[in-house]
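The file model.txt contains compact mmCIF, C-alpha atoms:
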# COMPACT_ATOMS: atom_id res chain seq x y z
CA MET A 73 11.81 11.68 8.28
CA ILE A 74 8.13 10.76 8.67
CA HIS A 75 7.35 12.40 5.32
CA ALA A 76 10.15 10.42 3.66
CA ILE A 77 8.63 7.16 4.90
CA VAL A 78 4.92 7.82 4.62
CA VAL A 79 4.86 9.86 1.43
CA THR A 80 8.03 9.11 -0.49
CA GLN A 81 8.50 5.43 0.33
CA PHE A 82 4.84 4.41 0.41
CA THR A 83 4.30 6.19 -2.92
CA LYS A 84 7.27 4.30 -4.36
CA MET A 85 5.96 0.95 -3.14
CA LEU A 86 2.43 1.64 -4.42
CA THR A 87 3.96 2.61 -7.77
CA ASN A 88 5.92 -0.66 -7.75
CA LEU A 89 2.67 -2.49 -6.97
CA GLN A 90 1.09 -0.79 -10.02
CA ALA A 91 3.96 -2.09 -12.17
CA ILE A 92 3.63 -5.58 -10.69
CA LEU A 93 -0.08 -5.54 -11.52
CA GLY A 94 0.89 -4.59 -15.08
CA GLU A 95 2.99 -7.76 -15.22
CA ALA A 96 0.02 -9.73 -13.88
CA GLU A 97 -2.16 -8.28 -16.63
CA LYS A 98 0.35 -9.36 -19.29
CA PHE A 99 0.59 -12.82 -17.73
CA ALA A 100 -3.19 -13.27 -17.76
CA ALA A 101 -3.37 -12.13 -21.40
CA GLU A 102 -0.60 -14.56 -22.44
CA LYS A 103 -2.28 -17.45 -20.61
CA LYS A 104 -5.73 -16.33 -21.82
CA PHE A 105 -7.56 -16.02 -18.50
CA ASP A 106 -9.40 -13.18 -16.82
CA THR A 107 -7.39 -11.09 -14.35
CA GLY A 108 -10.31 -11.43 -11.93
CA VAL A 109 -8.98 -14.92 -11.20
CA LEU A 110 -5.79 -13.35 -9.85
CA LEU A 111 -7.68 -10.68 -7.92
CA GLN A 112 -9.59 -13.38 -6.04
CA SER A 113 -6.51 -15.56 -5.43
CA ARG A 114 -5.09 -15.98 -1.95
CA LEU A 115 -2.19 -17.84 -0.36
CA SER A 116 -4.32 -19.53 2.26
CA PRO A 117 -8.09 -19.99 2.65
CA ASP A 118 -8.13 -17.82 5.78
CA GLN A 119 -6.07 -14.98 4.27
CA PHE A 120 -7.25 -11.96 2.29
CA SER A 121 -7.53 -12.23 -1.49
CA LEU A 122 -5.20 -10.20 -3.72
CA VAL A 123 -7.79 -7.45 -4.15
CA GLN A 124 -8.26 -7.19 -0.37
CA GLN A 125 -4.48 -7.15 0.22
CA ILE A 126 -4.26 -4.19 -2.16
CA ARG A 127 -7.21 -2.42 -0.56
CA THR A 128 -5.64 -2.84 2.87
CA ALA A 129 -2.22 -1.63 1.72
CA CYS A 130 -3.90 1.46 0.26
CA ASP A 131 -5.97 2.04 3.40
CA THR A 132 -2.91 1.64 5.62
CA ALA A 133 -0.98 4.22 3.58
CA LYS A 134 -3.74 6.83 3.38
CA LEU A 135 -5.06 6.41 6.93
CA GLY A 136 -1.55 6.23 8.36
CA ALA A 137 -0.65 9.53 6.71
CA ALA A 138 -3.94 11.14 7.73
CA ARG A 139 -3.70 10.05 11.36
CA LEU A 140 -0.07 11.09 11.66
CA ALA A 141 -0.83 14.53 10.19
CA ASP A 142 -4.12 14.83 12.13
CA ARG A 143 -6.07 15.13 8.85
CA GLU A 144 -8.49 12.20 9.04
CA LYS A 145 -11.39 14.31 7.80
CA ASP A 146 -9.90 14.66 4.31
CA VAL A 147 -9.08 10.98 3.65
CA PRO A 148 -10.41 9.78 0.30
CA VAL A 149 -13.21 7.26 0.70
CA HIS A 150 -13.09 4.01 -1.25
CA ALA A 151 -16.15 1.77 -1.33
CA ASP A 152 -14.18 -1.52 -1.43
CA THR A 153 -16.08 -2.61 -4.51
CA GLU A 154 -13.19 -3.00 -6.95
CA GLN A 155 -13.69 -6.04 -9.18
CA THR A 156 -11.32 -5.35 -12.05
CA LEU A 157 -7.63 -4.63 -12.41
CA ALA A 158 -8.47 -1.19 -13.79
CA GLU A 159 -10.52 -0.38 -10.67
CA VAL A 160 -7.73 -1.61 -8.38
CA LYS A 161 -5.16 0.47 -10.25
CA ALA A 162 -7.43 3.52 -9.99
CA ARG A 163 -7.62 3.06 -6.22
CA ILE A 164 -3.85 2.85 -5.95
CA GLU A 165 -3.52 5.95 -8.13
CA SER A 166 -5.94 7.91 -5.95
CA VAL A 167 -3.97 6.99 -2.81
CA ILE A 168 -0.70 8.00 -4.47
CA ALA A 169 -2.26 11.36 -5.41
CA TYR A 170 -3.51 11.81 -1.84
CA LEU A 171 -0.09 11.03 -0.35
CA LYS A 172 1.60 13.48 -2.71
CA GLY A 173 -0.59 16.23 -1.23
CA PHE A 174 1.28 16.07 2.09
CA LYS A 175 4.16 18.47 2.67
CA PRO A 176 6.92 17.60 5.17
CA GLU A 177 5.62 20.19 7.62
CA ALA A 178 2.31 18.28 7.87
CA PHE A 179 4.19 15.75 10.01
CA ALA A 180 6.05 18.27 12.21
CA LYS A 181 4.21 17.23 15.39
CA SER A 182 3.44 13.66 14.36
CA ALA A 183 5.92 11.84 16.59
CA GLU A 184 4.26 13.08 19.82
CA HIS A 185 0.67 13.14 18.52
CA ARG A 186 -1.54 10.54 20.30
CA ILE A 187 -3.29 8.24 17.85
CA THR A 188 -6.12 5.80 18.36
CA GLN A 189 -8.36 3.67 16.19
CA PRO A 190 -11.86 2.37 16.88
CA ARG A 191 -10.73 -1.24 17.37
CA TRP A 192 -8.14 -0.23 20.00
CA ALA A 193 -10.85 0.24 22.64
CA GLY A 194 -9.70 3.70 23.75
CA LYS A 195 -5.98 2.89 23.86
CA THR A 196 -3.47 5.13 22.10
CA LEU A 197 0.03 5.12 20.64
CA SER A 198 2.33 8.04 20.08
CA GLY A 199 2.72 8.94 16.41
CA GLN A 200 6.22 7.47 16.43
CA GLU A 201 4.97 4.22 17.97
CA PHE A 202 2.03 4.15 15.56
CA LEU A 203 4.34 4.58 12.56
CA ILE A 204 7.00 2.09 13.66
CA GLN A 205 4.82 -0.53 15.37
CA HIS A 206 1.71 -0.43 13.18
CA VAL A 207 1.77 1.52 9.92
CA ILE A 208 5.11 0.43 8.45
CA PRO A 209 4.80 -3.30 9.22
CA ASN A 210 1.13 -3.43 8.21
CA PHE A 211 1.75 -1.62 4.91
CA TYR A 212 4.68 -3.81 3.92
CA PHE A 213 2.88 -6.99 5.02
CA HIS A 214 0.03 -6.35 2.61
CA VAL A 215 2.22 -5.18 -0.29
CA ALA A 216 4.53 -8.20 0.14
CA THR A 217 1.56 -10.57 0.39
CA ALA A 218 0.07 -9.12 -2.80
CA TYR A 219 3.44 -9.72 -4.48
CA ALA A 220 3.55 -13.28 -3.07
CA ILE A 221 0.06 -14.11 -4.33
CA LEU A 222 1.02 -13.08 -7.85
CA ARG A 223 4.35 -14.92 -7.64
CA HIS A 224 2.55 -18.03 -6.34
CA ASN A 225 0.23 -17.88 -9.35
CA GLY A 226 3.11 -17.86 -11.80
CA VAL A 227 3.46 -14.18 -12.64
CA GLY A 228 7.06 -13.63 -13.71
CA ILE A 229 8.10 -11.07 -11.14
CA GLY A 230 11.07 -10.95 -8.79
CA LYS A 231 12.64 -8.92 -6.05
CA LYS A 232 13.64 -6.14 -8.47
CA ASN A 233 9.97 -5.66 -9.32
CA TYR A 234 9.11 -5.47 -5.62
CA LEU A 235 11.94 -3.04 -4.75
CA GLY A 236 11.64 -0.94 -7.90
CA ASP A 237 14.20 1.60 -9.00
CA MET A 238 16.95 2.44 -6.55
CA PRO A 239 18.62 5.86 -6.32
CA PHE A 240 22.07 4.50 -7.12
CA ARG A 241 24.93 6.93 -7.63
CA ASP A 242 28.42 6.41 -8.98
CA ALA A 243 31.07 5.88 -6.32
CA ALA A 244 33.09 9.00 -5.56

Encoded form using structure tokens:
Amino acid sequence: MIHAIVVTQFTKMLTNLQAILGEAEKFAAEKKFDTGVLLQSRLSPDQFSLVQQIRTACDTAKLGAARLADREKDVPVHADTEQTLAEVKARIESVIAYLKGFKPEAFAKSAEHRITQPRWAGKTLSGQEFLIQHVIPNFYFHVATAYAILRHNGVGIGKKNYLGDMPFRDAA
């Protein structure tokens, strides 16, 4: 189940974010302004900009997977210097590629694994607690906020863009 959330679902949402950024690019071209304006936009003066929301969503996905699988040493490093939409999309793509490298068995012992982070001052969570209490809400917070920033700026996106394709099947 952890693989289905961390790899499958996070990959889907990052792919949806890529598509949403494509809509933002079209919007900026139609309105004749640089996409950098959108990347620096924020909902509130004390909140992260769009580019930082995307960076944090990517970091949450890759570091969450790495910590749960006890593979922190192979996490791709990003310099947090993205200034263009192309650079942001490349970062998302690299995180998607990284996530796709995890097999379900990488998370076999994740639920019981004790996880800490530097800012937790030596405290730990079980892998299950870490996933449910930290990784999932943090990831979706930053993806949803990125969506909201673009929506707030007039990009013509809606819930279907956020949710992406659904695996619907015909009723039996």

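With distances restricted to all atoms listed in the file, A:Arg139 is the closest residue to A:Leu197 from A:Arg139, A:Thr80, A:Ile168, A:Tyr234.
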
Expressed in Å to a single decimal, how great is the separation between atom CA of A:Asn233 and atom CA of A:Ile92?
6.5 Å

Rank A:Gly199, A:Leu115, A:Ala76, A:Cys130 by their smallest atom-to-atom distance to A:Ser166, using only C-alpha atoms, and report the top residue only.
A:Cys130

Please determine an axis-aligned box that encloses all atoms of stretch 138-153 of chain A listed in the file, with 4 Å added on each side, and express its centre and edge lengths in Å to one decimal as JSON.
{"center_x": -8.1, "center_y": 6.3, "center_z": 3.8, "size_x": 24.1, "size_y": 25.7, "size_z": 24.6}

Determine, for each residue of stretch 125-197 of chain A having at least one atom at most 8 Å from an atom of stretch 201-208 of chain A, the closest pair of atoms and their separation in Å to one decimal, counting all atoms listed in the file; order by chain and ascending number, as JSON lines.
{"residue": "A:Thr132", "atom": "CA", "partner": "A:Val207", "partner_atom": "CA", "distance": 6.4}
{"residue": "A:Ala133", "atom": "CA", "partner": "A:Val207", "partner_atom": "CA", "distance": 7.4}
{"residue": "A:Gly136", "atom": "CA", "partner": "A:Val207", "partner_atom": "CA", "distance": 6.0}
{"residue": "A:Leu140", "atom": "CA", "partner": "A:Leu203", "partner_atom": "CA", "distance": 7.9}
{"residue": "A:Ala183", "atom": "CA", "partner": "A:Glu201", "partner_atom": "CA", "distance": 7.8}
{"residue": "A:Ile187", "atom": "CA", "partner": "A:Phe202", "partner_atom": "CA", "distance": 7.1}
{"residue": "A:Leu197", "atom": "CA", "partner": "A:Phe202", "partner_atom": "CA", "distance": 5.5}

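Ranking A:Gln200, A:Arg223, A:Leu171, A:Pro117 by their shortest atom-to-atom distance to A:Lys84, with only C-alpha atoms included, puts A:Leu171 first.
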
Would you pick out the contacts of A:Ile126 at 7 Å or less, using all atoms listed in the file, so that residues sharing its chain but fewer than 5 positions from it are not included, and give the list as a ChimeraX atom specification?
/A:214-215,218

So that I can see what lies close to A:Arg143, please list as a ChimeraX atom specification the residues with an atom at most 12 Å from it, counting all atoms listed in the file and leaving out residues fewer than 3 positions away in the same chain.
/A:134-140,146-148,170-171,173-174,178-179,182,185,187

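The closest residue to A:Asn210, picked from A:Thr128, A:Leu122, A:Glu95, A:Ala101 and counting all atoms listed in the file, is A:Thr128.
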
Determine, counting all atoms listed in the file, which protein, DNA and RNA residues have an atom within 12 Å of an atom of A:His224; residues of the same chain fewer than 6 positions away are not included. Present the result as a VMD selection string.
chain A and resid 96 110 113 to 116 122 216 to 218 230

Please, could you write that set of residues out with C-alpha atoms as a short mmCIF file (atom, residue, chain, number, x, y, z; two decimals), in the frame of the given file?
data_model
loop_
_atom_site.label_atom_id
_atom_site.label_comp_id
_atom_site.auth_asym_id
_atom_site.auth_seq_id
_atom_site.Cartn_x
_atom_site.Cartn_y
_atom_site.Cartn_z
CA ALA A 96 0.02 -9.73 -13.88
CA LEU A 110 -5.79 -13.35 -9.85
CA SER A 113 -6.51 -15.56 -5.43
CA ARG A 114 -5.09 -15.98 -1.95
CA LEU A 115 -2.19 -17.84 -0.36
CA SER A 116 -4.32 -19.53 2.26
CA LEU A 122 -5.20 -10.20 -3.72
CA ALA A 216 4.53 -8.20 0.14
CA THR A 217 1.56 -10.57 0.39
CA ALA A 218 0.07 -9.12 -2.80
CA GLY A 230 11.07 -10.95 -8.79
#

Return the single residue from A:Val79, A:Ile221, A:Ala151, A:Ile74 that is closest to A:Val109, with distances computed using all atoms listed in the file.
A:Ile221

Can you tell me, as a ChimeraX atom specification, what residues are no more than 12 Å from A:Thr153 when counting only C-alpha atoms, ignoring any on the same chain fewer than 5 positions away?
/A:123-124,127,159-160,162-163

Generate a file of the selected residues that holds C-alpha atoms, formatted as an mmCIF file, in the coordinates of the input.
data_model
loop_
_atom_site.group_PDB
_atom_site.id
_atom_site.type_symbol
_atom_site.label_atom_id
_atom_site.label_comp_id
_atom_site.auth_asym_id
_atom_site.auth_seq_id
_atom_site.Cartn_x
_atom_site.Cartn_y
_atom_site.Cartn_z
ATOM 1 C CA VAL A 123 -7.790 -7.450 -4.150
ATOM 2 C CA GLN A 124 -8.260 -7.190 -0.370
ATOM 3 C CA ARG A 127 -7.210 -2.420 -0.560
ATOM 4 C CA GLU A 159 -10.520 -0.380 -10.670
ATOM 5 C CA VAL A 160 -7.730 -1.610 -8.380
ATOM 6 C CA ALA A 162 -7.430 3.520 -9.990
ATOM 7 C CA ARG A 163 -7.620 3.060 -6.220
#

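Closest approach to A:Tyr212 from the set A:Ala169, A:Ala180, A:Leu86, A:Ala91 is made by A:Leu86, with distances taken over all atoms listed in the file.
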
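Atom CA of A:His75 is found 9.9 Å from atom CA of A:Lys172.
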
Reconstruct stretch 76-93 of chain A at the level of N, CA and C atoms, and format the result as an mmCIF file, in the coordinates of the input.
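Contents of result13.cif, freshly written:
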data_model
loop_
_atom_site.group_PDB
_atom_site.id
_atom_site.type_symbol
_atom_site.label_atom_id
_atom_site.label_comp_id
_atom_site.auth_asym_id
_atom_site.auth_seq_id
_atom_site.Cartn_x
_atom_site.Cartn_y
_atom_site.Cartn_z
ATOM 1 N N ALA A 76 9.367 11.284 4.554
ATOM 2 C CA ALA A 76 10.150 10.420 3.660
ATOM 3 C C ALA A 76 9.629 8.987 3.670
ATOM 4 N N ILE A 77 9.159 8.533 4.804
ATOM 5 C CA ILE A 77 8.630 7.160 4.900
ATOM 6 C C ILE A 77 7.207 7.106 4.356
ATOM 7 N N VAL A 78 6.347 7.922 4.912
ATOM 8 C CA VAL A 78 4.920 7.820 4.620
ATOM 9 C C VAL A 78 4.571 8.291 3.213
ATOM 10 N N VAL A 79 5.191 9.346 2.759
ATOM 11 C CA VAL A 79 4.860 9.860 1.430
ATOM 12 C C VAL A 79 5.799 9.285 0.381
ATOM 13 N N THR A 80 7.078 9.512 0.545
ATOM 14 C CA THR A 80 8.030 9.110 -0.490
ATOM 15 C C THR A 80 8.099 7.594 -0.650
ATOM 16 N N GLN A 81 8.314 6.885 0.436
ATOM 17 C CA GLN A 81 8.500 5.430 0.330
ATOM 18 C C GLN A 81 7.196 4.698 0.045
ATOM 19 N N PHE A 82 6.115 5.073 0.681
ATOM 20 C CA PHE A 82 4.840 4.410 0.410
ATOM 21 C C PHE A 82 4.391 4.668 -1.023
ATOM 22 N N THR A 83 4.619 5.881 -1.519
ATOM 23 C CA THR A 83 4.300 6.190 -2.920
ATOM 24 C C THR A 83 5.128 5.299 -3.846
ATOM 25 N N LYS A 84 6.408 5.162 -3.538
ATOM 26 C CA LYS A 84 7.270 4.300 -4.360
ATOM 27 C C LYS A 84 6.743 2.872 -4.365
ATOM 28 N N MET A 85 6.409 2.340 -3.205
ATOM 29 C CA MET A 85 5.960 0.950 -3.140
ATOM 30 C C MET A 85 4.596 0.758 -3.820
ATOM 31 N N LEU A 86 3.715 1.736 -3.712
ATOM 32 C CA LEU A 86 2.430 1.640 -4.420
ATOM 33 C C LEU A 86 2.650 1.728 -5.929
ATOM 34 N N THR A 87 3.610 2.535 -6.349
ATOM 35 C CA THR A 87 3.960 2.610 -7.770
ATOM 36 C C THR A 87 4.533 1.276 -8.241
ATOM 37 N N ASN A 88 5.382 0.664 -7.423
ATOM 38 C CA ASN A 88 5.920 -0.660 -7.750
ATOM 39 C C ASN A 88 4.781 -1.683 -7.842
ATOM 40 N N LEU A 89 3.817 -1.579 -6.946
ATOM 41 C CA LEU A 89 2.670 -2.490 -6.970
ATOM 42 C C LEU A 89 1.878 -2.294 -8.271
ATOM 43 N N GLN A 90 1.747 -1.056 -8.724
ATOM 44 C CA GLN A 90 1.090 -0.790 -10.020
ATOM 45 C C GLN A 90 1.832 -1.523 -11.137
ATOM 46 N N ALA A 91 3.158 -1.439 -11.134
ATOM 47 C CA ALA A 91 3.960 -2.090 -12.170
ATOM 48 C C ALA A 91 3.834 -3.615 -12.091
ATOM 49 N N ILE A 92 3.799 -4.136 -10.890
ATOM 50 C CA ILE A 92 3.630 -5.580 -10.690
ATOM 51 C C ILE A 92 2.267 -6.024 -11.231
ATOM 52 N N LEU A 93 1.252 -5.213 -10.989
ATOM 53 C CA LEU A 93 -0.080 -5.540 -11.520
ATOM 54 C C LEU A 93 -0.086 -5.479 -13.048
#
